[in-house]
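Asker: Here you go, one structure.
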Amino acid sequence: MYEYFAPMEGVTGRLFRRVHSRYFPGVDKYFMPFVSPGKDRVFSRKDLRELTPEGEPGVPEVPQLLTCQAEDFLWAAERLADLGYGEVNLNLGCPSGTVTAKGKGAGLLRDPEGLDRFLDQIFRRVRVAVSIKTRVGFQSPEEFEGLLACFGRYPCAELIVHPRVRTEFYKGGVHLEAFALAVERSGAPLCYNGDLTTPGEIAAFRQRFPTVERVMLGRGLVGDPALAAKAKGGAPADRTRLRSFHDDLYEGYAQAFGSRHNAMLRMKELWFYLIWLFEGGERLGKALKKARTPAEYEARVEDIFRELPLSADSAALWRERPIF
């Protein structure tokens, strides 16, 4: 089984990926948060900081593109090929209203004929492998049969399916019957993405879909950084490794942002998920959320690692009981 790390805007940037891979092996591929090429055909400085390969060999990364214009996609794919990437990922899953209103992300699923024209143009000319990350429809999973037929007309390197529709965002149950249709009909290598947050859930998925060799982990892997390794039979994260992971990431953000305050704000996004690795984390998690200064934040982190035992059951309780 191959485990991929899903792109999460504001969380899984370059520094996070570097530090995570250093402390928690097991991820077979990191998908990068999307970049959205525009008509000016220039990557921003922020984009280039993420996209320009450097150091740390052996960290497999795939850039993701968010656009509904074939020429913009082709320009960006060509530029990424020049940077050394052999694969780019097309984002057809982002449910944000500001994105879908422009026909991007999951907004492309609303116009199957337009999507077909878009894919035809890019696959005729692109010189790198193109994988697709998609939802099963815009409003209804019944749309997925037609979408699968469309995807099947093109040499997609990999089809990553998040079995929700755009209007569901990330809430409610997933449509496993739609994913089963993909297992039956997709000619491309298939990857599942959605609500796999524990080794037990991954094992249950493998039992139900034994022919699917790839899963993409997002929130579950942020909340349990060792999840990919555990799914392969590896050891869970211990307190020492978690603390070193946290400290390296925090110090890295402080250096990158030139501000410990901004680093604290970024780390709070991580703690939304990470706190549930600790038993009885509600009280200290709330205290950490309320920290207004880096000194207060660092003191609350010290309290968490000193006082709270790691949970023997890494179930993702944040789904039902968010602290933040």
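Chain labels follow the order of the structure tokens: the first chain is A, the next B, and so on; residue numbering restarts at 1 in every chain, and ligands are counted from 1 in their shown order.
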Mind dumping a table of every range 157-250 of chain A residue within 10 Å of range 87-90 of chain A, with the nearest atom pair and its distance in Å to one decimal, using only C-alpha atoms, sorted by chain and rising number, as a Markdown table?
Answerer:
```
| residue | atom | partner | partner_atom | distance |
| --- | --- | --- | --- | --- |
| A:Ala157 | CA | A:Glu87 | CA | 8.4 |
| A:Glu158 | CA | A:Asn89 | CA | 8.9 |
| A:Leu159 | CA | A:Asn89 | CA | 9.5 |
| A:Ile160 | CA | A:Asn89 | CA | 9.5 |
```
Asker: Export, as a CSV table (one decimal), in the first residue's frame, the selected residues with N, CA, C and O atoms.
Answerer:
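Below is the file that was written, selection-v8.csv:
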```
chain,number,residue,atom,x,y,z
A,157,ALA,N,-2.3,9.9,-15.4
A,157,ALA,CA,-1.3,9.1,-14.7
A,157,ALA,C,-1.9,8.4,-13.4
A,157,ALA,O,-1.4,7.4,-13.0
A,158,GLU,N,-2.8,9.1,-12.8
A,158,GLU,CA,-3.4,8.6,-11.6
A,158,GLU,C,-4.7,9.4,-11.3
A,158,GLU,O,-4.7,10.6,-11.5
A,159,LEU,N,-5.7,8.7,-10.8
A,159,LEU,CA,-7.0,9.3,-10.5
A,159,LEU,C,-7.2,9.2,-9.0
A,159,LEU,O,-7.3,8.1,-8.5
A,160,ILE,N,-7.2,10.4,-8.4
A,160,ILE,CA,-7.3,10.5,-6.9
A,160,ILE,C,-8.8,10.9,-6.6
A,160,ILE,O,-9.2,12.0,-7.1
```
Asker: Pull the strand (DSSP E or B) assignments for range 51-259 of chain A out of DSSP run on the backbone, and list those residues as a list of chain:residue names.
Answerer: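 Selection result, strand (DSSP E or B) within range 51-259 of chain A: A:Glu61, A:Val62, A:Gln64, A:Leu65, A:Glu87, A:Val88, A:Asn89, A:Leu90, A:Asn91, A:Leu92, A:Ala129, A:Val130, A:Ser131, A:Ile132, A:Lys133, A:Thr134, A:Arg135, A:Leu159, A:Ile160, A:Val161, A:His162, A:Leu190, A:Cys191, A:Tyr192, A:Asn193, A:Arg214, A:Val215, A:Met216, A:Leu217.
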Asker: Write the residues of the selection above to a file with N, CA, C and O atoms, as a short mmCIF file (atom, residue, chain, number, x, y, z; two decimals), in the first residue's frame.
Answerer:
```cif
data_model
loop_
_atom_site.label_atom_id
_atom_site.label_comp_id
_atom_site.auth_asym_id
_atom_site.auth_seq_id
_atom_site.Cartn_x
_atom_site.Cartn_y
_atom_site.Cartn_z
N GLU A 61 7.72 14.83 -4.21
CA GLU A 61 6.73 15.90 -4.17
C GLU A 61 6.08 16.07 -5.55
O GLU A 61 6.75 15.94 -6.58
N VAL A 62 4.80 16.40 -5.54
CA VAL A 62 4.05 16.64 -6.77
C VAL A 62 3.36 17.99 -6.66
O VAL A 62 2.53 18.19 -5.76
N GLN A 64 0.66 20.88 -7.48
CA GLN A 64 -0.75 20.83 -7.87
C GLN A 64 -1.15 22.16 -8.50
O GLN A 64 -0.80 23.23 -7.99
N LEU A 65 -1.88 22.09 -9.61
CA LEU A 65 -2.30 23.27 -10.34
C LEU A 65 -3.81 23.45 -10.24
O LEU A 65 -4.57 22.49 -10.38
N GLU A 87 5.74 15.09 -12.82
CA GLU A 87 4.29 14.93 -12.68
C GLU A 87 3.70 16.22 -12.13
O GLU A 87 4.30 16.88 -11.28
N VAL A 88 2.54 16.57 -12.62
CA VAL A 88 1.75 17.65 -12.03
C VAL A 88 0.35 17.11 -11.77
O VAL A 88 -0.11 16.19 -12.45
N ASN A 89 -0.30 17.68 -10.78
CA ASN A 89 -1.63 17.23 -10.38
C ASN A 89 -2.65 18.32 -10.66
O ASN A 89 -2.44 19.48 -10.31
N LEU A 90 -3.74 17.94 -11.29
CA LEU A 90 -4.83 18.88 -11.60
C LEU A 90 -5.85 18.83 -10.46
O LEU A 90 -6.41 17.78 -10.16
N ASN A 91 -6.11 19.99 -9.87
CA ASN A 91 -7.05 20.08 -8.76
C ASN A 91 -8.46 20.27 -9.29
O ASN A 91 -8.81 21.33 -9.79
N LEU A 92 -9.29 19.24 -9.15
CA LEU A 92 -10.72 19.32 -9.46
C LEU A 92 -11.54 19.09 -8.19
O LEU A 92 -12.70 18.67 -8.27
N ALA A 129 3.69 13.89 -16.87
CA ALA A 129 2.54 13.10 -16.44
C ALA A 129 1.56 14.00 -15.70
O ALA A 129 1.96 14.89 -14.94
N VAL A 130 0.28 13.76 -15.94
CA VAL A 130 -0.78 14.54 -15.28
C VAL A 130 -1.67 13.59 -14.48
O VAL A 130 -2.27 12.67 -15.04
N SER A 131 -1.73 13.80 -13.19
CA SER A 131 -2.69 13.09 -12.33
C SER A 131 -3.83 14.05 -12.02
O SER A 131 -3.70 15.27 -12.15
N ILE A 132 -4.96 13.49 -11.63
CA ILE A 132 -6.16 14.28 -11.37
C ILE A 132 -6.68 13.96 -9.98
O ILE A 132 -6.81 12.79 -9.62
N LYS A 133 -6.97 14.98 -9.20
CA LYS A 133 -7.63 14.83 -7.91
C LYS A 133 -9.04 15.41 -8.05
O LYS A 133 -9.19 16.60 -8.36
N THR A 134 -10.05 14.58 -7.83
CA THR A 134 -11.41 15.00 -8.12
C THR A 134 -12.38 14.63 -7.02
O THR A 134 -12.11 13.73 -6.20
N ARG A 135 -13.49 15.30 -7.00
CA ARG A 135 -14.66 14.87 -6.24
C ARG A 135 -15.56 14.05 -7.16
O ARG A 135 -15.29 13.94 -8.36
N LEU A 159 -5.71 8.69 -10.85
CA LEU A 159 -6.97 9.34 -10.52
C LEU A 159 -7.18 9.24 -9.01
O LEU A 159 -7.33 8.15 -8.47
N ILE A 160 -7.17 10.39 -8.35
CA ILE A 160 -7.35 10.46 -6.91
C ILE A 160 -8.77 10.92 -6.65
O ILE A 160 -9.17 12.00 -7.08
N VAL A 161 -9.55 10.09 -5.95
CA VAL A 161 -10.97 10.36 -5.79
C VAL A 161 -11.29 10.65 -4.32
O VAL A 161 -11.04 9.83 -3.44
N HIS A 162 -11.84 11.84 -4.09
CA HIS A 162 -12.42 12.18 -2.79
C HIS A 162 -13.93 12.03 -2.95
O HIS A 162 -14.57 12.85 -3.62
N LEU A 190 -5.74 4.06 -9.36
CA LEU A 190 -6.74 4.71 -8.53
C LEU A 190 -6.19 4.94 -7.12
O LEU A 190 -5.53 4.08 -6.55
N CYS A 191 -6.50 6.11 -6.58
CA CYS A 191 -6.11 6.45 -5.22
C CYS A 191 -7.35 6.97 -4.49
O CYS A 191 -8.12 7.76 -5.03
N TYR A 192 -7.52 6.52 -3.25
CA TYR A 192 -8.67 6.96 -2.43
C TYR A 192 -8.24 8.05 -1.47
O TYR A 192 -7.18 7.98 -0.84
N ASN A 193 -9.10 9.07 -1.30
CA ASN A 193 -8.84 10.16 -0.37
C ASN A 193 -10.14 10.47 0.39
O ASN A 193 -11.16 10.74 -0.23
N ARG A 214 -3.42 2.57 -3.36
CA ARG A 214 -2.98 3.90 -2.99
C ARG A 214 -4.06 4.59 -2.16
O ARG A 214 -5.25 4.54 -2.51
N VAL A 215 -3.64 5.24 -1.08
CA VAL A 215 -4.55 6.07 -0.31
C VAL A 215 -3.87 7.41 -0.06
O VAL A 215 -2.64 7.49 0.07
N MET A 216 -4.68 8.46 0.01
CA MET A 216 -4.18 9.80 0.31
C MET A 216 -4.72 10.19 1.68
O MET A 216 -5.92 10.10 1.95
N LEU A 217 -3.80 10.59 2.56
CA LEU A 217 -4.13 10.95 3.93
C LEU A 217 -3.92 12.44 4.13
O LEU A 217 -2.88 12.97 3.73
#
```
Asker: So how far away is CA of Asp47 in chain A from CA of Gly84 in chain A, in Å?
Answerer: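 Interatomic distance here is 15.4 Å.
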Asker: Neighbouring residues of range 250-258 of chain A were defined as those with any atom within 8 Å, considering only C-alpha atoms; residues of the same chain fewer than 6 positions away were excluded. Please report them as JSON, numbers by chain.
Answerer: {"A": [15, 264, 266, 267]}
Asker: Within 7 Å of range 170-179 of chain A, counting only C-alpha atoms, which residues qualify if same-chain residues fewer than 2 places away don't, as JSON, numbers by chain?
Answerer: {"A": [136, 141, 144, 163, 164, 168, 181, 182, 183]}
Asker: May I have the residues from that selection written out with all heavy atoms, as a CSV table (one decimal), in the first residue's frame?
Answerer:
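Resulting contents of out-v2.csv:
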```
chain,number,residue,atom,x,y,z
A,136,VAL,N,-16.6,13.5,-6.6
A,136,VAL,CA,-17.5,12.6,-7.4
A,136,VAL,C,-18.7,13.4,-8.0
A,136,VAL,O,-19.5,12.8,-8.6
A,136,VAL,CB,-18.0,11.5,-6.6
A,136,VAL,CG1,-16.9,10.6,-6.1
A,136,VAL,CG2,-18.9,11.9,-5.4
A,141,PRO,N,-23.7,12.7,-6.3
A,141,PRO,CA,-22.7,11.6,-6.8
A,141,PRO,C,-23.2,10.9,-8.0
A,141,PRO,O,-22.4,10.2,-8.6
A,141,PRO,CB,-22.7,10.7,-5.6
A,141,PRO,CG,-24.0,11.0,-4.8
A,141,PRO,CD,-24.2,12.5,-5.0
A,144,PHE,N,-21.1,11.2,-11.1
A,144,PHE,CA,-19.7,10.6,-11.2
A,144,PHE,C,-19.6,9.7,-12.4
A,144,PHE,O,-18.5,9.6,-13.0
A,144,PHE,CB,-19.4,9.9,-9.9
A,144,PHE,CG,-17.9,9.6,-9.8
A,144,PHE,CD1,-16.9,10.5,-10.1
A,144,PHE,CD2,-17.5,8.3,-9.3
A,144,PHE,CE1,-15.6,10.2,-10.0
A,144,PHE,CE2,-16.2,8.0,-9.2
A,144,PHE,CZ,-15.2,8.9,-9.5
A,163,PRO,N,-14.5,11.0,-2.4
A,163,PRO,CA,-15.9,10.7,-2.7
A,163,PRO,C,-17.0,11.5,-1.9
A,163,PRO,O,-17.8,11.0,-1.2
A,163,PRO,CB,-16.0,9.2,-2.4
A,163,PRO,CG,-15.0,8.9,-1.3
A,163,PRO,CD,-13.9,9.9,-1.6
A,164,ARG,N,-16.8,12.8,-2.1
A,164,ARG,CA,-17.9,13.7,-1.7
A,164,ARG,C,-18.2,14.7,-2.9
A,164,ARG,O,-17.3,14.8,-3.8
A,164,ARG,CB,-17.5,14.6,-0.5
A,164,ARG,CG,-17.4,13.9,0.8
A,164,ARG,CD,-17.2,14.9,2.0
A,164,ARG,NE,-17.3,14.2,3.3
A,164,ARG,CZ,-16.2,13.7,4.0
A,164,ARG,NH1,-15.0,13.8,3.4
A,164,ARG,NH2,-16.4,13.2,5.2
A,168,GLU,N,-20.9,19.3,-0.3
A,168,GLU,CA,-20.7,18.7,1.0
A,168,GLU,C,-19.4,19.1,1.7
A,168,GLU,O,-19.2,18.9,2.9
A,168,GLU,CB,-20.7,17.2,0.9
A,168,GLU,CG,-22.0,16.6,0.5
A,168,GLU,CD,-22.0,15.1,0.1
A,168,GLU,OE1,-20.9,14.7,-0.5
A,168,GLU,OE2,-22.9,14.4,0.3
A,181,LEU,N,-17.6,2.5,-8.0
A,181,LEU,CA,-17.8,2.6,-9.4
A,181,LEU,C,-16.5,2.9,-10.1
A,181,LEU,O,-16.2,2.4,-11.2
A,181,LEU,CB,-18.8,3.7,-9.7
A,181,LEU,CG,-19.3,3.8,-11.2
A,181,LEU,CD1,-20.0,2.6,-11.6
A,181,LEU,CD2,-20.1,5.1,-11.4
A,182,ALA,N,-15.7,3.7,-9.4
A,182,ALA,CA,-14.3,4.0,-10.0
A,182,ALA,C,-13.5,2.8,-10.0
A,182,ALA,O,-12.7,2.6,-10.9
A,182,ALA,CB,-13.7,5.1,-9.2
A,183,VAL,N,-13.6,2.0,-8.9
A,183,VAL,CA,-12.8,0.7,-8.9
A,183,VAL,C,-13.2,-0.2,-10.1
A,183,VAL,O,-12.3,-0.8,-10.7
A,183,VAL,CB,-13.0,0.0,-7.5
A,183,VAL,CG1,-12.4,-1.4,-7.5
A,183,VAL,CG2,-12.5,0.9,-6.4
```
Asker: Output as a tab-separated table one row per residue of range 205-261 of chain A within 7 Å of range 293-317 of chain A: the closest atom pair and its distance in Å to one decimal place, counting only C-alpha atoms, sorted by chain and residue number ascending.
Answerer:
```
residue	atom	partner	partner_atom	distance
A:Gly220	CA	A:Ala316	CA	6.8
A:Arg260	CA	A:Pro294	CA	6.1
A:His261	CA	A:Pro294	CA	5.6
```
Asker: Enter the distance from CA of Val19 in chain A to CA of Leu249 in chain A, in Å, rounded to one decimal.
Answerer: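 One can read the CA of Val19 in chain A to CA of Leu249 in chain A distance as 6.4 Å.
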Asker: Smallest atom-to-atom distance to Arg241 in chain A: which of A:Ala226, A:Pro33, A:Arg125, A:Tyr154, using only C-alpha atoms?
Answerer: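 Ranked by minimum distance to Arg241 in chain A, first place goes to A:Ala226.
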Asker: Find the residue from A:Lys289, A:Thr167, A:Pro25, A:Glu3 that sits nearest to Ile202 in chain A; use only C-alpha atoms when measuring.
Answerer: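 Answer, going by the shortest atom-to-atom distance: A:Glu3.
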Asker: Of the candidates A:Leu119, A:Ala263, A:Ala291, A:Ala229, which shows the shortest atom-to-atom distance to Tyr23 in chain A, using only C-alpha atoms?
Answerer: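 Looking at the shortest contact to Tyr23 in chain A, the residue is A:Ala229.
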Asker: Kindly give the distance, in Å, that separates CA of Ala231 in chain A and CA of Arg22 in chain A, rounded to a single decimal.
Answerer: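 These atoms are spaced 17.8 Å apart.
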Asker: Can you list, as a list in words, every residue of range 147-203 of chain A that DSSP puts in helix (DSSP H, G or I)?
Answerer: Leu147, Leu148, Ala149, Cys150, Phe151, Arg166, Thr167, Glu168, Leu176, Glu177, Ala178, Phe179, Ala180, Leu181, Ala182, Val183, Glu184, Arg185, Pro199, Gly200, Glu201, Ile202 and Ala203 of chain A
Asker: Given the selection you just returned, output its residues as a file containing N, CA, C and O atoms, formatted as a PDB file, in the first residue's frame.
Answerer:
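Okay, this is what ended up in again.pdb:
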```pdb
ATOM      1  N   LEU A 147     -18.522  11.682 -15.270  1.00  0.00           N
ATOM      2  CA  LEU A 147     -17.161  12.183 -15.066  1.00  0.00           C
ATOM      3  C   LEU A 147     -16.134  11.089 -15.291  1.00  0.00           C
ATOM      4  O   LEU A 147     -15.079  11.321 -15.899  1.00  0.00           O
ATOM      5  N   LEU A 148     -16.418   9.883 -14.811  1.00  0.00           N
ATOM      6  CA  LEU A 148     -15.501   8.764 -15.031  1.00  0.00           C
ATOM      7  C   LEU A 148     -15.316   8.483 -16.514  1.00  0.00           C
ATOM      8  O   LEU A 148     -14.204   8.195 -16.972  1.00  0.00           O
ATOM      9  N   ALA A 149     -16.406   8.556 -17.262  1.00  0.00           N
ATOM     10  CA  ALA A 149     -16.312   8.342 -18.709  1.00  0.00           C
ATOM     11  C   ALA A 149     -15.416   9.397 -19.342  1.00  0.00           C
ATOM     12  O   ALA A 149     -14.615   9.098 -20.242  1.00  0.00           O
ATOM     13  N   CYS A 150     -15.543  10.627 -18.868  1.00  0.00           N
ATOM     14  CA  CYS A 150     -14.702  11.711 -19.385  1.00  0.00           C
ATOM     15  C   CYS A 150     -13.240  11.459 -19.053  1.00  0.00           C
ATOM     16  O   CYS A 150     -12.369  11.514 -19.932  1.00  0.00           O
ATOM     17  N   PHE A 151     -12.940  11.157 -17.802  1.00  0.00           N
ATOM     18  CA  PHE A 151     -11.552  10.902 -17.405  1.00  0.00           C
ATOM     19  C   PHE A 151     -10.967   9.722 -18.183  1.00  0.00           C
ATOM     20  O   PHE A 151      -9.779   9.722 -18.520  1.00  0.00           O
ATOM     21  N   ARG A 166     -19.106  18.662  -4.231  1.00  0.00           N
ATOM     22  CA  ARG A 166     -18.631  19.982  -3.816  1.00  0.00           C
ATOM     23  C   ARG A 166     -19.485  20.569  -2.702  1.00  0.00           C
ATOM     24  O   ARG A 166     -18.973  21.165  -1.740  1.00  0.00           O
ATOM     25  N   THR A 167     -20.800  20.430  -2.783  1.00  0.00           N
ATOM     26  CA  THR A 167     -21.682  21.056  -1.809  1.00  0.00           C
ATOM     27  C   THR A 167     -21.549  20.462  -0.414  1.00  0.00           C
ATOM     28  O   THR A 167     -22.004  21.050   0.559  1.00  0.00           O
ATOM     29  N   GLU A 168     -20.905  19.313  -0.293  1.00  0.00           N
ATOM     30  CA  GLU A 168     -20.689  18.692   1.014  1.00  0.00           C
ATOM     31  C   GLU A 168     -19.394  19.149   1.674  1.00  0.00           C
ATOM     32  O   GLU A 168     -19.177  18.866   2.861  1.00  0.00           O
ATOM     33  N   LEU A 176     -19.092   5.857  -0.690  1.00  0.00           N
ATOM     34  CA  LEU A 176     -18.256   4.723  -1.078  1.00  0.00           C
ATOM     35  C   LEU A 176     -18.810   3.991  -2.291  1.00  0.00           C
ATOM     36  O   LEU A 176     -18.046   3.347  -3.024  1.00  0.00           O
ATOM     37  N   GLU A 177     -20.113   4.085  -2.529  1.00  0.00           N
ATOM     38  CA  GLU A 177     -20.661   3.447  -3.720  1.00  0.00           C
ATOM     39  C   GLU A 177     -20.135   4.123  -4.984  1.00  0.00           C
ATOM     40  O   GLU A 177     -19.925   3.467  -6.007  1.00  0.00           O
ATOM     41  N   ALA A 178     -19.883   5.428  -4.911  1.00  0.00           N
ATOM     42  CA  ALA A 178     -19.298   6.129  -6.053  1.00  0.00           C
ATOM     43  C   ALA A 178     -17.857   5.700  -6.250  1.00  0.00           C
ATOM     44  O   ALA A 178     -17.404   5.490  -7.384  1.00  0.00           O
ATOM     45  N   PHE A 179     -17.119   5.566  -5.149  1.00  0.00           N
ATOM     46  CA  PHE A 179     -15.739   5.104  -5.286  1.00  0.00           C
ATOM     47  C   PHE A 179     -15.701   3.687  -5.839  1.00  0.00           C
ATOM     48  O   PHE A 179     -14.819   3.354  -6.646  1.00  0.00           O
ATOM     49  N   ALA A 180     -16.637   2.849  -5.430  1.00  0.00           N
ATOM     50  CA  ALA A 180     -16.700   1.479  -5.957  1.00  0.00           C
ATOM     51  C   ALA A 180     -16.895   1.482  -7.468  1.00  0.00           C
ATOM     52  O   ALA A 180     -16.370   0.612  -8.175  1.00  0.00           O
ATOM     53  N   LEU A 181     -17.633   2.476  -7.967  1.00  0.00           N
ATOM     54  CA  LEU A 181     -17.811   2.592  -9.418  1.00  0.00           C
ATOM     55  C   LEU A 181     -16.472   2.906 -10.087  1.00  0.00           C
ATOM     56  O   LEU A 181     -16.174   2.388 -11.173  1.00  0.00           O
ATOM     57  N   ALA A 182     -15.673   3.746  -9.437  1.00  0.00           N
ATOM     58  CA  ALA A 182     -14.347   4.047  -9.976  1.00  0.00           C
ATOM     59  C   ALA A 182     -13.477   2.800  -9.992  1.00  0.00           C
ATOM     60  O   ALA A 182     -12.725   2.563 -10.947  1.00  0.00           O
ATOM     61  N   VAL A 183     -13.561   1.989  -8.941  1.00  0.00           N
ATOM     62  CA  VAL A 183     -12.787   0.738  -8.889  1.00  0.00           C
ATOM     63  C   VAL A 183     -13.176  -0.151 -10.059  1.00  0.00           C
ATOM     64  O   VAL A 183     -12.330  -0.807 -10.683  1.00  0.00           O
ATOM     65  N   GLU A 184     -14.440  -0.158 -10.387  1.00  0.00           N
ATOM     66  CA  GLU A 184     -14.942  -1.015 -11.460  1.00  0.00           C
ATOM     67  C   GLU A 184     -14.569  -0.503 -12.839  1.00  0.00           C
ATOM     68  O   GLU A 184     -14.246  -1.293 -13.734  1.00  0.00           O
ATOM     69  N   ARG A 185     -14.557   0.825 -13.014  1.00  0.00           N
ATOM     70  CA  ARG A 185     -14.493   1.367 -14.372  1.00  0.00           C
ATOM     71  C   ARG A 185     -13.247   2.173 -14.714  1.00  0.00           C
ATOM     72  O   ARG A 185     -12.959   2.390 -15.891  1.00  0.00           O
ATOM     73  N   PRO A 199      -4.911   3.754  11.690  1.00  0.00           N
ATOM     74  CA  PRO A 199      -4.514   2.508  11.025  1.00  0.00           C
ATOM     75  C   PRO A 199      -5.688   1.544  10.853  1.00  0.00           C
ATOM     76  O   PRO A 199      -5.774   0.830   9.849  1.00  0.00           O
ATOM     77  N   GLY A 200      -6.595   1.524  11.832  1.00  0.00           N
ATOM     78  CA  GLY A 200      -7.750   0.638  11.718  1.00  0.00           C
ATOM     79  C   GLY A 200      -8.648   1.002  10.544  1.00  0.00           C
ATOM     80  O   GLY A 200      -9.161   0.114   9.839  1.00  0.00           O
ATOM     81  N   GLU A 201      -8.849   2.292  10.337  1.00  0.00           N
ATOM     82  CA  GLU A 201      -9.672   2.722   9.206  1.00  0.00           C
ATOM     83  C   GLU A 201      -8.993   2.386   7.884  1.00  0.00           C
ATOM     84  O   GLU A 201      -9.657   2.000   6.917  1.00  0.00           O
ATOM     85  N   ILE A 202      -7.682   2.534   7.827  1.00  0.00           N
ATOM     86  CA  ILE A 202      -6.958   2.184   6.607  1.00  0.00           C
ATOM     87  C   ILE A 202      -7.052   0.688   6.350  1.00  0.00           C
ATOM     88  O   ILE A 202      -7.264   0.240   5.216  1.00  0.00           O
ATOM     89  N   ALA A 203      -6.922  -0.112   7.409  1.00  0.00           N
ATOM     90  CA  ALA A 203      -7.031  -1.559   7.258  1.00  0.00           C
ATOM     91  C   ALA A 203      -8.424  -1.959   6.794  1.00  0.00           C
ATOM     92  O   ALA A 203      -8.584  -2.854   5.945  1.00  0.00           O
TER      93      ALA A 203
END
```
